[in-house]
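Here the structure is laid out as structure tokens; the discussion comes afterwards.
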Protein chains: 2
Amino acid sequence: MKDDKILIGHGSGGKLTSDLIREFFVGNFDNQILNGLTDSAILDIGNATLAYTTDSYVVDPVFFPGGDIGKLSVCGTVNDLSVSGAVPLFISAGFIIEEGFKFSDLRKISESMAAEATKAGVRIVTGDTKVVNRGQCDQIFINTTGIGILNKKLKHISTGSGIRSGDAIIINGYLGDHGIAILGAREHIQFEDDLISDCASLNHLIQAIIQSGIRIRFMRDLTRGGLATVLAEISENKSFGITINENDIPVREIVKGTCEVFGFDPLYLANEGKVLMVVDNRDALKTITEITNHEAGAKPAIIGKVTDDHPGKAVLNSIVGGRRIIDKLSGEMLPRIC
Amino acid sequence: MKDDKILIGHGSGGKLTSDLIREFFVGNFDNQILNGLTDSAILDIGNATLAYTTDSYVVDPVFFPGGDIGKLSVCGTVNDLSVSGAVPLFISAGFIIEEGFKFSDLRKISESMAAEATKAGVRIVTGDTKVVNRGQCDQIFINTTGIGILNKKLKHISTGSGIRSGDAIIINGYLGDHGIAILGAREHIQFEDDLISDCASLNHLIQAIIQSGIRIRFMRDLTRGGLATVLAEISENKSFGITINENDIPVREIVKGTCEVFGFDPLYLANEGKVLMVVDNRDALKTITEITNHEAGAKPAIIGKVTDDHPGKAVLNSIVGGRRIIDKLSGEMLPRIC
């Protein structure tokens with residue numbers, strides 16, 4: 001790593017973040033569980049298999065269309081557990097609050113955490129509160145760490161070890177709503193159409209898909225770094241490639257348009273209620289049906305497939321007929337998106 | 001709560017912190033596990049009973065005599081699990097880093113987390129890294145959340161439900177070293193004698209005491225708010241009282257002297273390697289022997305007892321012969337102590 005200081009891009013969830021983690025943490029904290037670098041650690045304790053995950057939330061602004069840092073801090077951790085195949089059960093909440101933060105705002109945040117926890121069926125069981133002087137943090141940061149219970153038969157979902165050529169690549173709806181909603185709130189943009197963050201807990205949807213018997217090879221939520229970074233990560237150094245079709249990727253017109261103005265690519269935008277699923281191709285249509293039946297208004301789509309072509313690479317067939325390799329996010333488009 | 005904004009004192013670990021938690025979190029997150037307000041939540045999953053705890057570390061300065069934020073973030077969470085009677089197993093690490101933070105410092109912090117985890121026998125199994133713009137946090141904040149496994153027979157240790165009149169109150173060594181070491185580092189004080197933080201993982205010591213068959217009624221680590229706040233908390237609304245003798249409380253001369261200069265009370269100073277134990281009086285001397293044998297240079301002491309007198313109150317017999325009621329810390333002496 002050439003530079004000798006932390007850059008904003010080290011928090012992007014993209015290439016710099018994974019470089020940083022490998023350089024500073026993986027070697028020092030060396031153990032088989034961490035080294036998998038999956039979103040959730042998989043732990044065997046007693047006769048139970050648990051998924052365990054942590055995330056700190058620093059989103060700016062704290063309140064945004066479709067949610068706030070409290071709701072986000074519950075959804076995000078619920079989703080990290082859910083995509084590993086686990087049923088989320090317990091959440092811890094660690095608050096770092098800036099001196100002078102308004103009680104009324106803290107109350108709203110606490111209430112939306114509670115509401116989302118109830119919706120997702122998880123319990124907030126332990127917490128911690130630190131206060132720092134004015135100017136030593138920006139309003140409020142929340143860490144949530146979560147424990148879920150995992151059926152041992154689903155251990156492969158978080159590693160993706162079962163992905164094989166021919167599998168279908170599916171997403172559960174429009175890309176980029178969260179990223180653009182945050183951008184809009186931060187830049188005080190008045191959108192013609194209402195655009196709200198897709199921030200939502202996906203555990204009930206994902207469990208419905210698992211229960212339906214669909215052969216799921218892999219799942220990952222599409223947060224920092226977006227769809228592109230996940231596709232690049234899961235194909236990296238693998239014997240298979242991934243092809244996706246731009247034409248099949250659902251993106252709202254307002255998101256497309258805003259991306260054009262700001263020079264962003266929707267494939268790299270953060271989502272907070274979107275999941276990428278790799279499923280046996282024979283179950284692809286059943287998966288679409290399950291999603292459609294489960295979440296009103298979602299627009300699930302089969303966006304591509306796993307292939308023997310170009311192993312180790314994810315490739316996009318663009319609308320205009322070109323092909324390009326999909327890389328991890330480099331640099332940072334929107335800091336403090338979650 | 002009269003004021004409408006967060007004050008520094010809300011993070012003190014004393015009275016304002018417990019008011020804040022009750023006002024904003026307990027009602028909203030209402031569930032039986034959280035409502036116990038013990039340091040660790042006790043969770044039954046499968047055939048296992050787990051202890052679960054979270055803490056965010058915001059200590060200033062990041063490096064101090066005897067440790068750094070990395071070591072502290074492991075010790076603190078290991079100790080929170082240990083005092084509930086659990087054997088700590090797994091830790092998550094969530095980093096919030098300010099843009100511009102030095103790689104060399106991050107490496108040192110990561111290395112001391114790894115070293116302390118090895119010493120304590122815990123594994124850091126999952127993590128998260130966020131970066132915020134310069135000025136939006138102060139250098140680095142770390143959240144660690146930990147899981148330990150608990151012998152079901154020891155569930156009473158975290159609640160203190162077994163405390164009874166006649167029990168002995170024991171601490172494992174000198175009070176206030178961490179608080180004064182941090183103060184010294186922050187204010188660039190040159191102490192005549194070397195004073196270092198007592199920051200240490202207590203899990204092996206505590207397990208040795210448990211394994212020895214000592215009848216432990218309760219344990220709590222003496223962090224924010226210090227010995228006084230813990231004594232006030234555990235006697236509050238109870239049918240027993242607590243009496244302690246100032247003369248029996250080990251405090252180093254350098255700590256006493258610095259407290260006099262700054263107007264602090266050692267009983268309220270934060271410690272990061274000290275535990276209060278309430279044990280059956282018949283096991284008091286055995287406890288002292290176990291501690292002395294286990295940790296070189298410690299100065300364990302029986303500092304008082306549980307009594308039928310003054311129920312609901314903790315009372316200090318002072319060196320000069322007076323008696324005073326011990327209250328929780330009000331306000332904040334030293335912000336960002338941990």
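Residue numbering restarts at 1 for every chain of the structure tokens, chains are lettered A, B, ... in their displayed order, and ligands are numbered from 1 as they appear.
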| Residues of segment 185-283 of chain A in helix (DSSP H, G or I), written as a ChimeraX atom specification | /A:185-187,203-211,226-235,246-248,253-262,266-268,281-283
| Counting only C-alpha atoms, what is within 9 Å of segment 291-293 of chain B, bar same-chain residues fewer than 2 positions away, as a PyMOL selection string? | chain B and resi 172+205-206+208-209+286-289+295-300
Segment 197-297 of chain B residues near segment 304-313 of chain B within 7 Å, closest pair each, using only C-alpha atoms, as CSV:
```
residue,atom,partner,partner_atom,distance
B:Ala232,CA,B:Lys313,CA,6.7
B:Ser235,CA,B:Gly312,CA,4.9
B:Glu236,CA,B:Gly312,CA,4.8
B:Asn237,CA,B:Gly312,CA,4.8
B:Lys238,CA,B:Gly312,CA,4.7
B:Ser239,CA,B:Pro311,CA,5.0
B:Phe240,CA,B:Pro311,CA,4.3
B:Gly241,CA,B:Pro311,CA,4.1
B:Ile242,CA,B:Val306,CA,4.6
B:Thr243,CA,B:Gly304,CA,5.5
B:Ile244,CA,B:Gly304,CA,4.0
B:Asn245,CA,B:Gly304,CA,5.9
```
Give one line per residue of chain A that approaches chain B to at most 7 Å, naming the two atoms of the closest pair and their distance in Å to one decimal, counting only C-alpha atoms; sort by chain then ascending residue number and deliver it as a tab-separated table.
```
residue	atom	partner	partner_atom	distance
A:Asp4	CA	B:Phe103	CA	5.3
A:Lys5	CA	B:Lys102	CA	4.5
A:Ile6	CA	B:Gly100	CA	4.9
A:Leu7	CA	B:Glu99	CA	5.2
A:Ile8	CA	B:Glu99	CA	5.7
A:His10	CA	B:Val131	CA	6.5
A:Gly11	CA	B:Val131	CA	4.6
A:Phe24	CA	B:Arg107	CA	6.0
A:Phe25	CA	B:Ser110	CA	6.4
A:Asn28	CA	B:Ala114	CA	5.7
A:Phe29	CA	B:Ala114	CA	5.4
A:Ile33	CA	B:Val125	CA	5.7
A:Leu34	CA	B:Val125	CA	4.4
A:Ser40	CA	B:Thr126	CA	6.7
A:Ala41	CA	B:Thr126	CA	5.7
A:Gly46	CA	B:Ala48	CA	5.4
A:Asn47	CA	B:Gly46	CA	6.2
A:Ala48	CA	B:Gly46	CA	5.4
A:Thr53	CA	B:Thr126	CA	6.1
A:Thr54	CA	B:Gly127	CA	6.0
A:Asp55	CA	B:Asp128	CA	5.5
A:Ser56	CA	B:Gly94	CA	6.1
A:Ser92	CA	B:Thr54	CA	6.3
A:Gly94	CA	B:Ser56	CA	6.1
A:Glu99	CA	B:Leu7	CA	5.2
A:Gly100	CA	B:Ile6	CA	4.9
A:Phe101	CA	B:Ile6	CA	5.2
A:Lys102	CA	B:Lys5	CA	4.5
A:Phe103	CA	B:Lys5	CA	5.2
A:Arg107	CA	B:Phe24	CA	6.0
A:Ser110	CA	B:Phe25	CA	6.4
A:Glu111	CA	B:Asn28	CA	6.0
A:Ala114	CA	B:Phe29	CA	5.4
A:Ile124	CA	B:Phe29	CA	6.1
A:Val125	CA	B:Leu34	CA	4.4
A:Thr126	CA	B:Leu34	CA	5.7
A:Gly127	CA	B:Thr54	CA	5.9
A:Asp128	CA	B:Asp55	CA	5.5
A:Thr129	CA	B:Gly11	CA	6.1
A:Lys130	CA	B:Gly11	CA	4.7
A:Val131	CA	B:Gly11	CA	4.6
A:Val132	CA	B:Ile8	CA	6.6
A:Asn133	CA	B:Ile8	CA	6.6
A:Gly135	CA	B:Gly135	CA	7.0
A:Gln136	CA	B:Cys137	CA	5.0
A:Cys137	CA	B:Cys137	CA	4.0
A:Asp138	CA	B:Gln136	CA	5.0
A:Asn143	CA	B:Asn143	CA	6.9
A:Thr145	CA	B:Thr145	CA	6.8
A:Arg336	CA	B:Val132	CA	6.6
```
| request: Might you pull out every residue within 6 Å of Leu276 of chain B, with only C-alpha atoms counted and same-chain residues fewer than 4 positions away left off, and present them as an MDAnalysis selection string? | output: chainID B and resid 170:171 219:220
Go ahead and save the picked residues with all heavy atoms, as a PDB file, in the first residue's frame.
```
ATOM      1  N   ILE B 170     -14.700  -7.973  47.814  1.00  0.00           N
ATOM      2  CA  ILE B 170     -13.268  -8.100  47.528  1.00  0.00           C
ATOM      3  C   ILE B 170     -12.940  -7.393  46.223  1.00  0.00           C
ATOM      4  O   ILE B 170     -13.736  -7.440  45.273  1.00  0.00           O
ATOM      5  CB  ILE B 170     -12.892  -9.600  47.439  1.00  0.00           C
ATOM      6  CG1 ILE B 170     -13.058 -10.233  48.828  1.00  0.00           C
ATOM      7  CG2 ILE B 170     -11.477  -9.809  46.893  1.00  0.00           C
ATOM      8  CD1 ILE B 170     -12.877 -11.731  48.855  1.00  0.00           C
ATOM      9  N   ILE B 171     -11.796  -6.726  46.164  1.00  0.00           N
ATOM     10  CA  ILE B 171     -11.286  -6.244  44.876  1.00  0.00           C
ATOM     11  C   ILE B 171      -9.894  -6.837  44.670  1.00  0.00           C
ATOM     12  O   ILE B 171      -9.215  -7.220  45.625  1.00  0.00           O
ATOM     13  CB  ILE B 171     -11.269  -4.705  44.750  1.00  0.00           C
ATOM     14  CG1 ILE B 171     -10.402  -4.048  45.829  1.00  0.00           C
ATOM     15  CG2 ILE B 171     -12.681  -4.157  44.806  1.00  0.00           C
ATOM     16  CD1 ILE B 171     -10.280  -2.539  45.650  1.00  0.00           C
ATOM     17  N   MET B 219     -20.017 -10.594  40.399  1.00  0.00           N
ATOM     18  CA  MET B 219     -18.786  -9.915  39.980  1.00  0.00           C
ATOM     19  C   MET B 219     -19.156  -8.757  39.054  1.00  0.00           C
ATOM     20  O   MET B 219     -20.145  -8.815  38.320  1.00  0.00           O
ATOM     21  CB  MET B 219     -17.881 -10.872  39.200  1.00  0.00           C
ATOM     22  CG  MET B 219     -17.222 -11.934  40.061  1.00  0.00           C
ATOM     23  SD  MET B 219     -16.019 -12.893  39.107  1.00  0.00           S
ATOM     24  CE  MET B 219     -17.130 -13.968  38.205  1.00  0.00           C
ATOM     25  N   ARG B 220     -18.315  -7.745  39.042  1.00  0.00           N
ATOM     26  CA  ARG B 220     -18.487  -6.646  38.087  1.00  0.00           C
ATOM     27  C   ARG B 220     -17.124  -5.986  37.917  1.00  0.00           C
ATOM     28  O   ARG B 220     -16.397  -5.792  38.898  1.00  0.00           O
ATOM     29  CB  ARG B 220     -19.497  -5.604  38.624  1.00  0.00           C
ATOM     30  CG  ARG B 220     -19.737  -4.375  37.752  1.00  0.00           C
ATOM     31  CD  ARG B 220     -20.539  -4.638  36.490  1.00  0.00           C
ATOM     32  NE  ARG B 220     -21.895  -5.115  36.721  1.00  0.00           N
ATOM     33  CZ  ARG B 220     -22.936  -4.334  37.016  1.00  0.00           C
ATOM     34  NH1 ARG B 220     -22.801  -3.023  37.116  1.00  0.00           N
ATOM     35  NH2 ARG B 220     -24.131  -4.853  37.197  1.00  0.00           N
TER      36      ARG B 220
END
```
| Nearest to Cys75 of chain B, chosen from B:Gly225, B:Gly121, B:Gly257, B:Gly14, with only C-alpha atoms counted in the distances | B:Gly121
| request: Could you give me the residues within segment 185-257 of chain B that DSSP places in strand (DSSP E or B), as an MDAnalysis selection string? | output: chainID B and resid 216:221 241:245
| Between atom CA of Ala181 of chain B and atom CA of Ile196 of chain B, what is the distance, to one decimal in Å? |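 Interatomic distance here is 5.5 Å.
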| What is the atom CA of Leu227 of chain A to atom CA of Val122 of chain A distance in Å? |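 Spanning atom CA of Leu227 of chain A to atom CA of Val122 of chain A is a straight-line distance of 26.8 Å.
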| field | Straight-line distance linking atom CA of Arg217 of chain B with atom CA of Leu16 of chain B, stated in Å to one decimal | value | 27.1 Å
| query | With only C-alpha atoms as the atoms that count, which of A:Leu329, A:Met277, A:Leu316, A:Leu269 lies nearest to Phe218 of chain A? | reply |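 Once distances to Phe218 of chain A are computed over only C-alpha atoms, the minimum belongs to A:Met277.
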Selection: 12 Å around Ile210 of chain B, only C-alpha atoms, excl. self and same-chain fewer than 3 positions, as a PDB file with N, CA, C and O atoms, in the first residue's frame:
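Heads up, here's the output in result-v4.pdb:
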```pdb
ATOM      1  N   SER B  82     -16.328 -12.065  31.246  1.00  0.00           N
ATOM      2  CA  SER B  82     -15.763 -12.858  32.346  1.00  0.00           C
ATOM      3  C   SER B  82     -16.505 -12.633  33.652  1.00  0.00           C
ATOM      4  O   SER B  82     -16.744 -13.575  34.404  1.00  0.00           O
ATOM      5  N   VAL B  83     -16.862 -11.368  33.919  1.00  0.00           N
ATOM      6  CA  VAL B  83     -17.534 -11.094  35.193  1.00  0.00           C
ATOM      7  C   VAL B  83     -18.959 -11.646  35.236  1.00  0.00           C
ATOM      8  O   VAL B  83     -19.561 -11.725  36.297  1.00  0.00           O
ATOM      9  N   SER B  84     -19.475 -12.038  34.094  1.00  0.00           N
ATOM     10  CA  SER B  84     -20.781 -12.705  34.119  1.00  0.00           C
ATOM     11  C   SER B  84     -20.594 -14.200  34.375  1.00  0.00           C
ATOM     12  O   SER B  84     -21.570 -14.947  34.418  1.00  0.00           O
ATOM     13  N   GLY B  85     -19.339 -14.622  34.527  1.00  0.00           N
ATOM     14  CA  GLY B  85     -19.055 -16.033  34.777  1.00  0.00           C
ATOM     15  C   GLY B  85     -18.743 -16.820  33.516  1.00  0.00           C
ATOM     16  O   GLY B  85     -18.482 -18.020  33.565  1.00  0.00           O
ATOM     17  N   ALA B  86     -18.789 -16.144  32.359  1.00  0.00           N
ATOM     18  CA  ALA B  86     -18.623 -16.834  31.076  1.00  0.00           C
ATOM     19  C   ALA B  86     -17.147 -16.968  30.686  1.00  0.00           C
ATOM     20  O   ALA B  86     -16.297 -16.197  31.125  1.00  0.00           O
ATOM     21  N   VAL B  87     -16.889 -17.937  29.827  1.00  0.00           N
ATOM     22  CA  VAL B  87     -15.575 -18.077  29.193  1.00  0.00           C
ATOM     23  C   VAL B  87     -15.660 -17.387  27.832  1.00  0.00           C
ATOM     24  O   VAL B  87     -16.411 -17.816  26.965  1.00  0.00           O
ATOM     25  N   LEU B 150     -21.372 -19.894  28.921  1.00  0.00           N
ATOM     26  CA  LEU B 150     -21.632 -19.788  30.352  1.00  0.00           C
ATOM     27  C   LEU B 150     -22.171 -21.108  30.885  1.00  0.00           C
ATOM     28  O   LEU B 150     -23.081 -21.691  30.302  1.00  0.00           O
ATOM     29  N   ASN B 151     -21.603 -21.551  31.970  1.00  0.00           N
ATOM     30  CA  ASN B 151     -22.158 -22.677  32.704  1.00  0.00           C
ATOM     31  C   ASN B 151     -23.499 -22.217  33.303  1.00  0.00           C
ATOM     32  O   ASN B 151     -23.544 -21.225  34.024  1.00  0.00           O
ATOM     33  N   LYS B 153     -25.153 -23.035  35.675  1.00  0.00           N
ATOM     34  CA  LYS B 153     -25.181 -22.906  37.138  1.00  0.00           C
ATOM     35  C   LYS B 153     -24.660 -21.552  37.607  1.00  0.00           C
ATOM     36  O   LYS B 153     -24.798 -21.208  38.775  1.00  0.00           O
ATOM     37  N   LEU B 154     -24.025 -20.801  36.720  1.00  0.00           N
ATOM     38  CA  LEU B 154     -23.423 -19.525  37.119  1.00  0.00           C
ATOM     39  C   LEU B 154     -24.255 -18.318  36.692  1.00  0.00           C
ATOM     40  O   LEU B 154     -23.809 -17.177  36.777  1.00  0.00           O
ATOM     41  N   ILE B 157     -24.457 -15.048  38.728  1.00  0.00           N
ATOM     42  CA  ILE B 157     -23.312 -14.149  38.963  1.00  0.00           C
ATOM     43  C   ILE B 157     -23.552 -12.769  38.351  1.00  0.00           C
ATOM     44  O   ILE B 157     -23.222 -11.741  38.946  1.00  0.00           O
ATOM     45  N   ASN B 203      -9.945 -12.821  32.377  1.00  0.00           N
ATOM     46  CA  ASN B 203     -10.699 -14.076  32.248  1.00  0.00           C
ATOM     47  C   ASN B 203     -10.003 -15.270  32.886  1.00  0.00           C
ATOM     48  O   ASN B 203     -10.647 -16.088  33.534  1.00  0.00           O
ATOM     49  N   HIS B 204      -8.684 -15.362  32.757  1.00  0.00           N
ATOM     50  CA  HIS B 204      -8.004 -16.526  33.335  1.00  0.00           C
ATOM     51  C   HIS B 204      -8.073 -16.475  34.866  1.00  0.00           C
ATOM     52  O   HIS B 204      -8.331 -17.489  35.507  1.00  0.00           O
ATOM     53  N   LEU B 205      -7.863 -15.288  35.430  1.00  0.00           N
ATOM     54  CA  LEU B 205      -7.978 -15.129  36.886  1.00  0.00           C
ATOM     55  C   LEU B 205      -9.375 -15.512  37.375  1.00  0.00           C
ATOM     56  O   LEU B 205      -9.541 -16.287  38.325  1.00  0.00           O
ATOM     57  N   ILE B 206     -10.376 -14.976  36.704  1.00  0.00           N
ATOM     58  CA  ILE B 206     -11.754 -15.228  37.144  1.00  0.00           C
ATOM     59  C   ILE B 206     -12.122 -16.701  36.993  1.00  0.00           C
ATOM     60  O   ILE B 206     -12.749 -17.289  37.879  1.00  0.00           O
ATOM     61  N   GLN B 207     -11.685 -17.310  35.907  1.00  0.00           N
ATOM     62  CA  GLN B 207     -11.979 -18.736  35.741  1.00  0.00           C
ATOM     63  C   GLN B 207     -11.281 -19.571  36.811  1.00  0.00           C
ATOM     64  O   GLN B 207     -11.837 -20.558  37.297  1.00  0.00           O
ATOM     65  N   GLY B 213     -13.862 -23.435  43.226  1.00  0.00           N
ATOM     66  CA  GLY B 213     -15.039 -23.764  44.032  1.00  0.00           C
ATOM     67  C   GLY B 213     -15.489 -22.661  44.980  1.00  0.00           C
ATOM     68  O   GLY B 213     -16.413 -22.853  45.770  1.00  0.00           O
ATOM     69  N   ILE B 214     -14.854 -21.507  44.891  1.00  0.00           N
ATOM     70  CA  ILE B 214     -15.267 -20.371  45.720  1.00  0.00           C
ATOM     71  C   ILE B 214     -16.724 -20.011  45.400  1.00  0.00           C
ATOM     72  O   ILE B 214     -17.102 -19.958  44.222  1.00  0.00           O
ATOM     73  N   ARG B 215     -17.516 -19.788  46.432  1.00  0.00           N
ATOM     74  CA  ARG B 215     -18.930 -19.452  46.218  1.00  0.00           C
ATOM     75  C   ARG B 215     -19.058 -17.964  45.856  1.00  0.00           C
ATOM     76  O   ARG B 215     -19.094 -17.106  46.735  1.00  0.00           O
ATOM     77  N   ILE B 216     -19.106 -17.703  44.566  1.00  0.00           N
ATOM     78  CA  ILE B 216     -19.176 -16.311  44.087  1.00  0.00           C
ATOM     79  C   ILE B 216     -20.634 -15.902  43.961  1.00  0.00           C
ATOM     80  O   ILE B 216     -21.429 -16.588  43.337  1.00  0.00           O
ATOM     81  N   ARG B 217     -20.971 -14.764  44.560  1.00  0.00           N
ATOM     82  CA  ARG B 217     -22.355 -14.278  44.458  1.00  0.00           C
ATOM     83  C   ARG B 217     -22.511 -13.304  43.293  1.00  0.00           C
ATOM     84  O   ARG B 217     -23.587 -13.182  42.716  1.00  0.00           O
ATOM     85  N   PHE B 218     -21.442 -12.579  43.004  1.00  0.00           N
ATOM     86  CA  PHE B 218     -21.564 -11.487  42.021  1.00  0.00           C
ATOM     87  C   PHE B 218     -20.164 -11.020  41.647  1.00  0.00           C
ATOM     88  O   PHE B 218     -19.257 -11.034  42.471  1.00  0.00           O
ATOM     89  N   MET B 219     -20.017 -10.594  40.399  1.00  0.00           N
ATOM     90  CA  MET B 219     -18.786  -9.915  39.980  1.00  0.00           C
ATOM     91  C   MET B 219     -19.156  -8.757  39.054  1.00  0.00           C
ATOM     92  O   MET B 219     -20.145  -8.815  38.320  1.00  0.00           O
ATOM     93  N   MET B 277     -15.666  -8.465  43.574  1.00  0.00           N
ATOM     94  CA  MET B 277     -16.276  -9.773  43.786  1.00  0.00           C
ATOM     95  C   MET B 277     -17.030  -9.770  45.104  1.00  0.00           C
ATOM     96  O   MET B 277     -16.513  -9.283  46.112  1.00  0.00           O
ATOM     97  N   VAL B 279     -18.331 -12.532  47.575  1.00  0.00           N
ATOM     98  CA  VAL B 279     -18.218 -13.980  47.792  1.00  0.00           C
ATOM     99  C   VAL B 279     -18.727 -14.339  49.190  1.00  0.00           C
ATOM    100  O   VAL B 279     -18.765 -13.494  50.089  1.00  0.00           O
ATOM    101  N   ASP B 283     -15.381 -17.983  52.118  1.00  0.00           N
ATOM    102  CA  ASP B 283     -14.405 -18.163  51.039  1.00  0.00           C
ATOM    103  C   ASP B 283     -13.544 -16.924  50.829  1.00  0.00           C
ATOM    104  O   ASP B 283     -12.774 -16.853  49.864  1.00  0.00           O
ATOM    105  N   LYS B 286      -9.717 -17.519  50.981  1.00  0.00           N
ATOM    106  CA  LYS B 286      -9.340 -18.370  49.848  1.00  0.00           C
ATOM    107  C   LYS B 286      -9.294 -17.541  48.553  1.00  0.00           C
ATOM    108  O   LYS B 286      -8.432 -17.747  47.694  1.00  0.00           O
ATOM    109  N   THR B 287     -10.223 -16.601  48.436  1.00  0.00           N
ATOM    110  CA  THR B 287     -10.249 -15.741  47.251  1.00  0.00           C
ATOM    111  C   THR B 287      -8.978 -14.896  47.188  1.00  0.00           C
ATOM    112  O   THR B 287      -8.359 -14.765  46.131  1.00  0.00           O
ATOM    113  N   GLU B 290      -6.147 -17.102  46.086  1.00  0.00           N
ATOM    114  CA  GLU B 290      -6.232 -17.401  44.647  1.00  0.00           C
ATOM    115  C   GLU B 290      -5.722 -16.218  43.814  1.00  0.00           C
ATOM    116  O   GLU B 290      -4.970 -16.394  42.860  1.00  0.00           O
ATOM    117  N   ILE B 291      -6.141 -15.020  44.168  1.00  0.00           N
ATOM    118  CA  ILE B 291      -5.735 -13.839  43.399  1.00  0.00           C
ATOM    119  C   ILE B 291      -4.231 -13.624  43.545  1.00  0.00           C
ATOM    120  O   ILE B 291      -3.526 -13.394  42.560  1.00  0.00           O
TER     121      ILE B 291
END
```
| Who sits within 12 Å of Thr258 of chain B, only C-alpha atoms, same chain under 5 positions skipped, as a list in words |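 Once the nearby chain positions are removed, what remains is Gly176, Asp177, Gly179, Ile180, Ala181, Ile182, Leu183, Gly184, Glu187, Ile189, Gln190, Phe191, Glu192, Asp193, Leu195, Val251, Arg252, Glu253, Gly263, Phe264, Asp265, Pro266 and Leu269 of chain B.
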